[in-house]
file query.pdb (PDB, C-alpha atoms (C1' of nucleotides))
ATOM      1  CA  MET S1156      17.887   1.863 -10.069
ATOM      2  CA  ARG S1157      16.009   0.179  -7.255
ATOM      3  CA  ILE S1158      12.403   1.302  -6.727
ATOM      4  CA  ALA S1159      10.135  -0.061  -4.002
ATOM      5  CA  THR S1160       6.572   0.327  -2.777
ATOM      6  CA  TRP S1161       5.451  -0.365   0.778
ATOM      7  CA  ASN S1162       2.239   0.180   2.720
ATOM      8  CA  VAL S1163       3.794   0.833   6.123
ATOM      9  CA  ASN S1164       0.543   1.115   8.155
ATOM     10  CA  SER S1165       1.707   4.206  10.084
ATOM     11  CA  ILE S1166       5.142   5.617   9.430
ATOM     12  CA  ALA S1167       5.485   6.555  13.107
ATOM     13  CA  ALA S1168       4.859   2.998  14.235
ATOM     14  CA  ARG S1169       7.078   1.601  11.455
ATOM     15  CA  LEU S1170       9.947   4.078  11.701
ATOM     16  CA  PRO S1171      12.583   1.807  13.306
ATOM     17  CA  ARG S1172      11.924  -0.949  10.789
ATOM     18  CA  LEU S1173      11.674   1.485   7.872
ATOM     19  CA  LEU S1174      15.017   3.113   8.664
ATOM     20  CA  ALA S1175      16.736  -0.245   9.049
ATOM     21  CA  TRP S1176      15.189  -1.469   5.804
ATOM     22  CA  LEU S1177      16.263   1.648   3.874
ATOM     23  CA  GLU S1178      19.827   0.950   4.950
ATOM     24  CA  SER S1179      19.778  -2.780   4.225
ATOM     25  CA  ALA S1180      17.716  -2.918   1.005
ATOM     26  CA  LYS S1181      19.322   0.272  -0.338
ATOM     27  CA  PRO S1182      16.431   1.438  -2.534
ATOM     28  CA  ASP S1183      16.907   4.591  -4.606
ATOM     29  CA  VAL S1184      13.226   5.459  -4.585
ATOM     30  CA  VAL S1185      10.475   4.317  -2.219
ATOM     31  CA  CYS S1186       6.727   4.825  -2.582
ATOM     32  CA  LEU S1187       5.002   4.673   0.803
ATOM     33  CA  GLN S1188       1.320   4.366   1.676
ATOM     34  CA  GLU S1189      -0.754   4.672   4.836
ATOM     35  CA  LEU S1190       1.569   7.136   6.506
ATOM     36  CA  LYS S1191      -1.168   8.015   9.017
ATOM     37  CA  CYS S1192       0.576  11.317   9.677
ATOM     38  CA  ALA S1193       0.287  14.896   8.492
ATOM     39  CA  THR S1194       2.681  16.205   5.836
ATOM     40  CA  ASP S1195       4.494  18.364   8.380
ATOM     41  CA  ALA S1196       4.809  15.448  10.820
ATOM     42  CA  PHE S1197       6.777  13.271   8.404
ATOM     43  CA  PRO S1198       9.716  11.940  10.452
ATOM     44  CA  PRO S1199      12.950  13.877   9.769
ATOM     45  CA  GLU S1200      15.057  10.733  10.233
ATOM     46  CA  VAL S1201      14.249   9.682   6.650
ATOM     47  CA  ARG S1202      15.749  12.866   5.201
ATOM     48  CA  GLU S1203      18.751  12.434   7.481
ATOM     49  CA  LEU S1204      19.450   9.157   5.666
ATOM     50  CA  GLY S1205      19.859  11.120   2.445
ATOM     51  CA  PHE S1206      16.393  10.935   0.917
ATOM     52  CA  GLU S1207      14.421  13.801  -0.487
ATOM     53  CA  VAL S1208      10.789  13.435   0.526
ATOM     54  CA  ALA S1209       7.488  14.334  -1.125
ATOM     55  CA  ALA S1210       4.904  13.578   1.548
ATOM     56  CA  TYR S1211       1.158  14.125   1.435
ATOM     57  CA  GLY S1212      -0.777  13.403   4.614
ATOM     58  CA  LEU S1213      -3.534  14.873   6.729
ATOM     59  CA  GLY S1214      -3.298  12.873   9.935
ATOM     60  CA  ARG S1215      -5.057   9.799  11.162
ATOM     61  CA  TRP S1216      -6.052   8.208   7.852
ATOM     62  CA  ASN S1217      -4.341   7.478   4.516
ATOM     63  CA  GLY S1218      -1.218   9.435   3.539
ATOM     64  CA  VAL S1219       1.360   8.736   0.819
ATOM     65  CA  ALA S1220       4.944   9.695   0.077
ATOM     66  CA  ILE S1221       7.792   9.305  -2.383
ATOM     67  CA  LEU S1222      11.344   9.111  -1.039
ATOM     68  CA  SER S1223      14.227   9.549  -3.442
ATOM     69  CA  ARG S1224      17.981   9.785  -3.443
ATOM     70  CA  VAL S1225      18.149  10.268  -7.212
ATOM     71  CA  GLY S1226      16.277  13.560  -7.420
ATOM     72  CA  LEU S1227      12.690  14.608  -6.803
ATOM     73  CA  GLU S1228      11.052  16.933  -9.291
ATOM     74  CA  ASP S1229       7.623  18.025 -10.458
ATOM     75  CA  VAL S1230       5.842  16.875  -7.323
ATOM     76  CA  ARG S1231       2.082  16.682  -7.676
ATOM     77  CA  ARG S1232      -0.360  15.960  -4.845
ATOM     78  CA  GLY S1233      -3.665  14.382  -5.876
ATOM     79  CA  LEU S1234      -4.867  12.958  -9.194
ATOM     80  CA  VAL S1235      -6.260  14.835 -12.156
ATOM     81  CA  ASP S1236     -10.023  15.228 -11.517
ATOM     82  CA  GLU S1237      -9.756  13.259  -8.303
ATOM     83  CA  PRO S1238     -13.075  12.496  -6.580
ATOM     84  CA  THR S1239     -13.760  13.314  -2.944
ATOM     85  CA  PHE S1240     -15.382  11.176  -0.238
ATOM     86  CA  ASP S1241     -17.959  12.867   1.987
ATOM     87  CA  ASP S1242     -16.913  16.111   0.279
ATOM     88  CA  ALA S1243     -13.339  15.769   1.530
ATOM     89  CA  ALA S1244     -10.162  15.317  -0.487
ATOM     90  CA  GLU S1245      -8.090  12.426   0.844
ATOM     91  CA  PRO S1246      -4.301  12.129   0.592
ATOM     92  CA  ARG S1247      -4.058   9.010  -1.559
ATOM     93  CA  ALA S1248      -1.785   9.938  -4.458
ATOM     94  CA  VAL S1249       1.494  11.765  -4.908
ATOM     95  CA  GLY S1250       3.537  11.947  -8.088
ATOM     96  CA  ALA S1251       7.154  12.897  -8.710
ATOM     97  CA  THR S1252       9.944  12.489 -11.226
ATOM     98  CA  CYS S1253      12.991  10.706  -9.816
ATOM     99  CA  GLY S1254      16.111  10.211 -11.894
ATOM    100  CA  GLY S1255      14.117  10.617 -15.083
ATOM    101  CA  VAL S1256      11.410   8.156 -14.025
ATOM    102  CA  ARG S1257       7.885   9.469 -13.510
ATOM    103  CA  LEU S1258       6.266   7.756 -10.510
ATOM    104  CA  TRP S1259       3.026   7.823  -8.567
ATOM    105  CA  SER S1260       2.592   6.416  -5.072
ATOM    106  CA  VAL S1261      -1.062   5.517  -4.597
ATOM    107  CA  TYR S1262      -3.320   4.238  -1.861
ATOM    108  CA  VAL S1263      -6.505   3.211  -3.644
ATOM    109  CA  PRO S1264      -9.673   3.461  -1.517
ATOM    110  CA  ASN S1265     -10.611   0.198   0.178
ATOM    111  CA  GLY S1266     -14.257   0.113  -0.904
ATOM    112  CA  ARG S1267     -15.397  -1.532   2.345
ATOM    113  CA  GLU S1268     -18.107  -3.640   0.693
ATOM    114  CA  PRO S1269     -19.829  -3.750  -2.702
ATOM    115  CA  GLY S1270     -22.790  -1.403  -2.574
ATOM    116  CA  HIS S1271     -21.197   0.864   0.021
ATOM    117  CA  PRO S1272     -20.642   4.491  -1.046
ATOM    118  CA  HIS S1273     -16.933   3.875  -0.490
ATOM    119  CA  TYR S1274     -17.019   1.200  -3.204
ATOM    120  CA  ALA S1275     -18.460   3.626  -5.755
ATOM    121  CA  TYR S1276     -15.835   6.129  -4.629
ATOM    122  CA  LYS S1277     -13.139   3.484  -5.197
ATOM    123  CA  LEU S1278     -14.258   2.984  -8.796
ATOM    124  CA  ARG S1279     -14.435   6.734  -9.450
ATOM    125  CA  TRP S1280     -10.989   7.137  -7.932
ATOM    126  CA  LEU S1281      -9.588   4.417 -10.190
ATOM    127  CA  GLU S1282     -11.025   6.208 -13.229
ATOM    128  CA  ALA S1283      -9.195   9.364 -12.142
ATOM    129  CA  LEU S1284      -6.030   7.283 -11.777
ATOM    130  CA  ARG S1285      -6.480   6.027 -15.337
ATOM    131  CA  GLY S1286      -6.924   9.585 -16.586
ATOM    132  CA  THR S1287      -3.793  10.708 -14.781
ATOM    133  CA  ALA S1288      -1.822   7.800 -16.201
ATOM    134  CA  VAL S1289      -3.012   8.562 -19.734
ATOM    135  CA  ALA S1290      -2.004  12.187 -19.285
ATOM    136  CA  GLU S1291       1.480  11.364 -18.039
ATOM    137  CA  SER S1292       2.578   8.082 -19.629
ATOM    138  CA  ALA S1293       2.356   8.826 -23.319
ATOM    139  CA  ALA S1294       5.971   9.815 -23.826
ATOM    140  CA  ASP S1295       9.042   7.579 -23.931
ATOM    141  CA  ARG S1296       9.819   8.477 -20.333
ATOM    142  CA  PRO S1297       9.647   5.509 -17.928
ATOM    143  CA  PHE S1298       6.409   5.766 -15.972
ATOM    144  CA  ALA S1299       4.815   3.645 -13.252
ATOM    145  CA  VAL S1300       2.054   3.724 -10.679
ATOM    146  CA  LEU S1301       3.095   1.856  -7.538
ATOM    147  CA  GLY S1302       1.137   1.244  -4.396
ATOM    148  CA  ASP S1303      -1.655  -0.436  -2.528
ATOM    149  CA  PHE S1304      -4.343  -0.910  -5.166
ATOM    150  CA  ASN S1305      -6.698  -2.803  -2.846
ATOM    151  CA  ILE S1306      -7.497  -5.119  -5.780
ATOM    152  CA  ALA S1307      -6.339  -8.691  -6.351
ATOM    153  CA  PRO S1308      -5.877  -8.849 -10.142
ATOM    154  CA  THR S1309      -6.831 -12.541 -10.474
ATOM    155  CA  ASP S1310      -8.297 -15.322  -8.357
ATOM    156  CA  GLU S1311      -4.750 -16.669  -8.003
ATOM    157  CA  ASP S1312      -3.826 -13.527  -6.112
ATOM    158  CA  VAL S1313      -5.790 -14.516  -2.993
ATOM    159  CA  TRP S1314      -5.182 -17.578  -0.848
ATOM    160  CA  ASP S1315      -8.755 -18.908  -1.106
ATOM    161  CA  ILE S1316     -11.115 -17.300  -3.589
ATOM    162  CA  SER S1317     -14.075 -19.160  -2.095
ATOM    163  CA  LEU S1318     -13.847 -16.880   0.946
ATOM    164  CA  PHE S1319     -14.272 -13.756  -1.182
ATOM    165  CA  THR S1320     -17.859 -13.985  -2.362
ATOM    166  CA  GLU S1321     -19.578 -10.695  -1.567
ATOM    167  CA  SER S1322     -16.166  -9.127  -0.899
ATOM    168  CA  THR S1323     -14.384  -6.199  -2.385
ATOM    169  CA  HIS S1324     -10.908  -6.563  -3.935
ATOM    170  CA  VAL S1325     -11.974  -9.319  -6.350
ATOM    171  CA  THR S1326     -15.120  -7.973  -8.044
ATOM    172  CA  GLU S1327     -15.453  -7.619 -11.791
ATOM    173  CA  PRO S1328     -15.715  -3.796 -11.788
ATOM    174  CA  GLU S1329     -12.538  -3.479  -9.718
ATOM    175  CA  ARG S1330     -10.672  -5.826 -12.037
ATOM    176  CA  ALA S1331     -12.110  -3.987 -15.040
ATOM    177  CA  ALA S1332     -10.507  -0.820 -13.662
ATOM    178  CA  LEU S1333      -7.142  -2.613 -13.709
ATOM    179  CA  ALA S1334      -7.861  -3.827 -17.247
ATOM    180  CA  ALA S1335      -8.506  -0.220 -18.237
ATOM    181  CA  LEU S1336      -5.060   0.694 -16.935
ATOM    182  CA  ARG S1337      -3.560  -2.088 -19.021
ATOM    183  CA  GLU S1338      -5.496  -0.893 -22.066
ATOM    184  CA  ALA S1339      -3.986   2.525 -21.406
ATOM    185  CA  GLY S1340      -0.572   0.952 -21.967
ATOM    186  CA  LEU S1341       0.458  -0.145 -18.492
ATOM    187  CA  THR S1342       1.743  -3.612 -17.555
ATOM    188  CA  ASP S1343       1.384  -5.446 -14.253
ATOM    189  CA  VAL S1344       5.005  -6.018 -13.155
ATOM    190  CA  VAL S1345       4.537  -9.231 -11.163
ATOM    191  CA  PRO S1346       7.227  -9.760  -8.529
ATOM    192  CA  ARG S1347       8.870 -13.028  -7.508
ATOM    193  CA  ALA S1348       7.859 -14.649  -4.253
ATOM    194  CA  LEU S1349      10.886 -15.411  -2.099
ATOM    195  CA  LYS S1350       9.025 -18.307  -0.440
ATOM    196  CA  TYR S1351       6.036 -20.429  -1.525
ATOM    197  CA  ASP S1352       4.615 -20.043  -5.002
ATOM    198  CA  LYS S1353       2.500 -16.889  -4.883
ATOM    199  CA  PRO S1354       3.908 -13.358  -4.595
ATOM    200  CA  TYR S1355       1.486 -12.169  -1.936
ATOM    201  CA  THR S1356       2.124  -8.720  -0.532
ATOM    202  CA  TYR S1357      -0.446  -8.510   2.287
ATOM    203  CA  TRP S1358      -1.339 -10.846   5.140
ATOM    204  CA  ASP S1359      -3.952  -9.936   7.755
ATOM    205  CA  TYR S1360      -2.634  -9.496  11.284
ATOM    206  CA  ARG S1361      -5.301 -11.877  12.588
ATOM    207  CA  GLN S1362      -5.743 -15.629  12.630
ATOM    208  CA  LEU S1363      -2.116 -16.514  11.927
ATOM    209  CA  ALA S1364      -2.548 -15.369   8.362
ATOM    210  CA  PHE S1365       1.170 -14.879   7.754
ATOM    211  CA  PRO S1366       2.421 -18.232   9.125
ATOM    212  CA  LYS S1367      -0.360 -19.937   7.160
ATOM    213  CA  ASN S1368       0.496 -17.849   4.087
ATOM    214  CA  ASN S1369      -3.117 -16.707   3.835
ATOM    215  CA  GLY S1370      -2.161 -13.683   1.783
ATOM    216  CA  MET S1371      -3.200 -11.454  -1.080
ATOM    217  CA  ARG S1372      -1.343  -9.706  -3.875
ATOM    218  CA  ILE S1373      -2.800  -6.197  -3.771
ATOM    219  CA  ASP S1374       0.343  -4.031  -3.819
ATOM    220  CA  LEU S1375       1.011  -3.568  -7.509
ATOM    221  CA  VAL S1376       3.404  -1.976  -9.955
ATOM    222  CA  TYR S1377       1.684  -0.788 -13.143
ATOM    223  CA  ALA S1378       4.327   0.374 -15.588
ATOM    224  CA  ASN S1379       4.498   1.672 -19.139
ATOM    225  CA  ALA S1380       6.562  -0.125 -21.771
ATOM    226  CA  SER S1381       9.626   2.001 -21.181
ATOM    227  CA  PHE S1382       9.644   1.150 -17.463
ATOM    228  CA  ALA S1383       8.563  -2.490 -17.819
ATOM    229  CA  GLY S1384      11.206  -3.120 -20.475
ATOM    230  CA  ALA S1385      13.919  -1.969 -18.089
ATOM    231  CA  VAL S1386      12.917  -4.290 -15.230
ATOM    232  CA  SER S1387      15.750  -6.681 -14.390
ATOM    233  CA  ASP S1388      14.188  -8.155 -11.249
ATOM    234  CA  ALA S1389      11.182  -7.751  -8.961
ATOM    235  CA  TYR S1390      10.398  -9.472  -5.682
ATOM    236  CA  VAL S1391       8.328  -9.291  -2.503
ATOM    237  CA  ASP S1392      10.502  -8.756   0.564
ATOM    238  CA  ARG S1393       8.471 -11.019   2.859
ATOM    239  CA  GLU S1394      11.145 -10.835   5.561
ATOM    240  CA  GLU S1395       9.667  -7.442   6.446
ATOM    241  CA  ARG S1396       6.333  -9.060   7.313
ATOM    242  CA  LYS S1397       7.992 -11.146  10.042
ATOM    243  CA  GLY S1398       8.372 -10.463  13.697
ATOM    244  CA  LYS S1399       7.427  -7.741  16.104
ATOM    245  CA  GLY S1400       6.475  -4.358  14.782
ATOM    246  CA  ALA S1401       5.789  -5.460  11.203
ATOM    247  CA  SER S1402       3.359  -3.797   8.827
ATOM    248  CA  ASP S1403       0.653  -6.083   7.475
ATOM    249  CA  HIS S1404       2.091  -5.407   3.999
ATOM    250  CA  ALA S1405       5.539  -6.372   2.685
ATOM    251  CA  PRO S1406       7.592  -4.167   0.360
ATOM    252  CA  VAL S1407       7.653  -4.868  -3.378
ATOM    253  CA  VAL S1408      11.103  -4.177  -4.806
ATOM    254  CA  VAL S1409      11.788  -3.538  -8.506
ATOM    255  CA  ASP S1410      15.230  -3.261 -10.063
ATOM    256  CA  LEU S1411      15.611  -1.316 -13.299
ATOM    257  CA  THR S1412      18.482  -1.213 -15.747
ATOM    258  CA  LEU S1413      18.159   2.210 -17.317
TER     259      LEU S1413
ATOM    260  C1'  DA B 394      10.450 -20.439  12.685
ATOM    261  C1'  DT B 395       6.507 -16.548  11.054
ATOM    262  C1'  DG B 396       2.286 -17.747  16.174
ATOM    263  C1'  DA B 397      -3.873 -16.193  17.576
ATOM    264  C1'  DC B 398      -4.623  -7.897  15.266
ATOM    265  C1'  DC B 399      -2.855  -3.235  14.876
ATOM    266  C1'  DC B 400      -3.139   1.784  14.349
ATOM    267  C1'  DA B 401      -4.335   6.702  15.812
ATOM    268  C1'  DA B 402      -7.399   9.951  17.649
ATOM    269  C1'  DA B 403      -8.924  12.171  21.869
ATOM    270  C1'  DA B 404      -9.788   7.661  23.819
ATOM    271  C1'  DC B 405      -9.940   4.541  28.476
ATOM    272  C1'  DT B 406     -13.519   3.283  22.939
ATOM    273  C1'  DT B 407     -14.045   3.433  18.103
ATOM    274  C1'  DG B 408     -13.550   3.445  13.179
ATOM    275  C1'  DG B 409     -10.844   1.618   9.689
ATOM    276  C1'  DG B 410      -8.268  -1.830   7.578
ATOM    277  C1'  DA B 411      -9.405  -6.159   3.701
TER     278       DA B 411
END
call {"tool": "encode", "arguments": {"input": "query.pdb", "output": "structure tokens"}}
result
Amino acid sequence: MRIATWNVNSIAARLPRLLAWLESAKPDVVCLQELKCATDAFPPEVRELGFEVAAYGLGRWNGVAILSRVGLEDVRRGLVDEPTFDDAAEPRAVGATCGGVRLWSVYVPNGREPGHPHYAYKLRWLEALRGTAVAESAADRPFAVLGDFNIAPTDEDVWDISLFTESTHVTEPERAALAALREAGLTDVVPRALKYDKPYTYWDYRQLAFPKNNGMRIDLVYANASFAGAVSDAYVDREERKGKGASDHAPVVVDLTL
DNA sequence: ATGACCCAAAACTTGGGA
């Protein structure tokens, strides 16, 4: 089974590339983030390719989905005890069971800057993610959380750590939240880079970040032992970051032998 | 080659992204 995660930065803007990629990469399940569309506005072309879709979006911001051609059951929108921001629920998590694998597609809050209310919200949100994972990953069933975590797990996961003082994505509390997920039994499934030595998944649109390979690894696959033990390959499809009409994130592709 | 940011809303700018 081939499972992928991709922050598409607007599914409407990315639709031609997404459809072409679904046909060429042939994933069975795809976790998407930053749809930037409402649930009802999810483009029908994806279903016409043979995918069932669990979408969760409210419009301009955020939005997540799971696409599957191996079944889509027990869809859940939102985490257990999920916090709000400015008293509003945000569409950042959707769960589903696909071909016997329990999956969550997540778009972790950015945090903006340490000390900002959005940063505290990010940490609360990650605690709710941990609680949801504990509730769902105990059994033998393969389980994974895939998505844009907005955290670089180590200093090696950014191109120049010296540029990240006073920045989110690399702070100790954010990394402690990832450690808590690992302590809950999940493993960071680190993909291969298809070029250069680091498996970055995000490169800013500005300042020639992609040609310079000034990237970050922030799109992660956190899997329980049953899922992680079945991984036969994992890689970052950096070809999708190239050219006109690219997202600023590349897909992470995981192959499982179940 | 991969090339100097992109997206969507109600907009002709602005907030958000990281």
call {"tool": "residues_around", "arguments": {"input": "query.pdb", "residues": "DG409 (chain B)", "least_positions_apart": "2", "cutoff": "10 Å", "atoms": "only C-alpha atoms (C1' of nucleotides)", "output": "PyMOL selection string"}}
result
(chain S and resi 1216+1265+1267) or (chain B and resi 400+407+411)
call {"tool": "resolve_selection", "arguments": {"input": "query.pdb", "expression": "the PyMOL selection byres ((chain S and resi 1379) around 10)", "output": "ChimeraX atom specification"}}
result
/S:1288,1292-1300,1336-1337,1339-1344,1376-1378,1380-1384
call {"tool": "write_last_selection", "arguments": {"input": "query.pdb", "atoms": "C-alpha atoms", "output": "PDB file, in the frame of the given file"}}
result
ATOM      1  CA  ALA S1288      -1.822   7.800 -16.201  1.00  0.00           C
ATOM      2  CA  SER S1292       2.578   8.082 -19.629  1.00  0.00           C
ATOM      3  CA  ALA S1293       2.356   8.826 -23.319  1.00  0.00           C
ATOM      4  CA  ALA S1294       5.971   9.815 -23.826  1.00  0.00           C
ATOM      5  CA  ASP S1295       9.042   7.579 -23.931  1.00  0.00           C
ATOM      6  CA  ARG S1296       9.819   8.477 -20.333  1.00  0.00           C
ATOM      7  CA  PRO S1297       9.647   5.509 -17.928  1.00  0.00           C
ATOM      8  CA  PHE S1298       6.409   5.766 -15.972  1.00  0.00           C
ATOM      9  CA  ALA S1299       4.815   3.645 -13.252  1.00  0.00           C
ATOM     10  CA  VAL S1300       2.054   3.724 -10.679  1.00  0.00           C
ATOM     11  CA  LEU S1336      -5.060   0.694 -16.935  1.00  0.00           C
ATOM     12  CA  ARG S1337      -3.560  -2.088 -19.021  1.00  0.00           C
ATOM     13  CA  ALA S1339      -3.986   2.525 -21.406  1.00  0.00           C
ATOM     14  CA  GLY S1340      -0.572   0.952 -21.967  1.00  0.00           C
ATOM     15  CA  LEU S1341       0.458  -0.145 -18.492  1.00  0.00           C
ATOM     16  CA  THR S1342       1.743  -3.612 -17.555  1.00  0.00           C
ATOM     17  CA  ASP S1343       1.384  -5.446 -14.253  1.00  0.00           C
ATOM     18  CA  VAL S1344       5.005  -6.018 -13.155  1.00  0.00           C
ATOM     19  CA  VAL S1376       3.404  -1.976  -9.955  1.00  0.00           C
ATOM     20  CA  TYR S1377       1.684  -0.788 -13.143  1.00  0.00           C
ATOM     21  CA  ALA S1378       4.327   0.374 -15.588  1.00  0.00           C
ATOM     22  CA  ALA S1380       6.562  -0.125 -21.771  1.00  0.00           C
ATOM     23  CA  SER S1381       9.626   2.001 -21.181  1.00  0.00           C
ATOM     24  CA  PHE S1382       9.644   1.150 -17.463  1.00  0.00           C
ATOM     25  CA  ALA S1383       8.563  -2.490 -17.819  1.00  0.00           C
ATOM     26  CA  GLY S1384      11.206  -3.120 -20.475  1.00  0.00           C
TER      27      GLY S1384
END
call {"tool": "residues_around", "arguments": {"input": "query.pdb", "residues": "DC399 (chain B)", "least_positions_apart": "4", "cutoff": "9 Å", "atoms": "all atoms listed in the file", "output": "PyMOL selection string"}}
result
chain S and resi 1164+1360+1402-1403
call {"tool": "resolve_selection", "arguments": {"input": "query.pdb", "expression": "the PyMOL selection byres ((chain B) within 6 of (chain S))", "output": "PyMOL selection string"}}
result
chain B and resi 395+397-398+401
call {"tool": "residues_around", "arguments": {"input": "query.pdb", "residues": "Val1409 (chain S)", "least_positions_apart": "6", "cutoff": "6 Å", "atoms": "only C-alpha atoms (C1' of nucleotides)", "output": "ChimeraX atom specification"}}
result
/S:1157-1159,1388-1389
call {"tool": "residues_around", "arguments": {"input": "query.pdb", "residues": "Glu1207 (chain S)", "least_positions_apart": "2", "cutoff": "6 Å", "atoms": "all atoms listed in the file", "output": "list in words"}}
result
Arg1202, Leu1222 and Ser1223 of chain S
call {"tool": "write_last_selection", "arguments": {"input": "query.pdb", "atoms": "C-alpha atoms", "output": "PDB file, keeping the file's coordinate frame"}}
result
ATOM      1  CA  ARG S1202      15.749  12.866   5.201  1.00  0.00           C
ATOM      2  CA  LEU S1222      11.344   9.111  -1.039  1.00  0.00           C
ATOM      3  CA  SER S1223      14.227   9.549  -3.442  1.00  0.00           C
TER       4      SER S1223
END
call {"tool": "resolve_selection", "arguments": {"input": "query.pdb", "expression": "the PyMOL selection byres ((chain S and resi 1302) around 6)", "output": "list in words"}}
result
Thr1160, Ser1260, Val1261, Tyr1262, Leu1301, Asp1303, Phe1304, Asp1374 and Leu1375 of chain S
call {"tool": "residues_around", "arguments": {"input": "query.pdb", "residues": "Asn1217 (chain S)", "least_positions_apart": "2", "cutoff": "7 Å", "atoms": "only C-alpha atoms (C1' of nucleotides)", "output": "PyMOL selection string"}}
result
chain S and resi 1189-1191+1212+1219+1246-1247
call {"tool": "residues_near_point", "arguments": {"input": "query.pdb", "point": "(-7.2, -5.7, -14.3)", "cutoff": "9 Å", "atoms": "all atoms listed in the file", "output": "PDB file with C-alpha atoms, keeping the file's coordinate frame"}}
result
ATOM      1  CA  ILE S1306      -7.497  -5.119  -5.780  1.00  0.00           C
ATOM      2  CA  ALA S1307      -6.339  -8.691  -6.351  1.00  0.00           C
ATOM      3  CA  PRO S1308      -5.877  -8.849 -10.142  1.00  0.00           C
ATOM      4  CA  THR S1309      -6.831 -12.541 -10.474  1.00  0.00           C
ATOM      5  CA  GLU S1327     -15.453  -7.619 -11.791  1.00  0.00           C
ATOM      6  CA  GLU S1329     -12.538  -3.479  -9.718  1.00  0.00           C
ATOM      7  CA  ARG S1330     -10.672  -5.826 -12.037  1.00  0.00           C
ATOM      8  CA  ALA S1331     -12.110  -3.987 -15.040  1.00  0.00           C
ATOM      9  CA  ALA S1332     -10.507  -0.820 -13.662  1.00  0.00           C
ATOM     10  CA  LEU S1333      -7.142  -2.613 -13.709  1.00  0.00           C
ATOM     11  CA  ALA S1334      -7.861  -3.827 -17.247  1.00  0.00           C
ATOM     12  CA  ALA S1335      -8.506  -0.220 -18.237  1.00  0.00           C
ATOM     13  CA  LEU S1336      -5.060   0.694 -16.935  1.00  0.00           C
ATOM     14  CA  ARG S1337      -3.560  -2.088 -19.021  1.00  0.00           C
ATOM     15  CA  ASP S1343       1.384  -5.446 -14.253  1.00  0.00           C
TER      16      ASP S1343
END
call {"tool": "axis_aligned_box", "arguments": {"input": "query.pdb", "around": "region 401-411 of chain B", "padding_each_side": "3 Å", "output": "AutoDock Vina command-line options"}}
result
--center_x -9.2 --center_y 3.0 --center_z 16.1 --size_x 15.7 --size_y 24.3 --size_z 30.8
call {"tool": "atom_distance", "arguments": {"input": "query.pdb", "atom1": "CA of Ala1209 (chain S)", "atom2": "CA of Thr1287 (chain S)"}}
result
18.1 Å
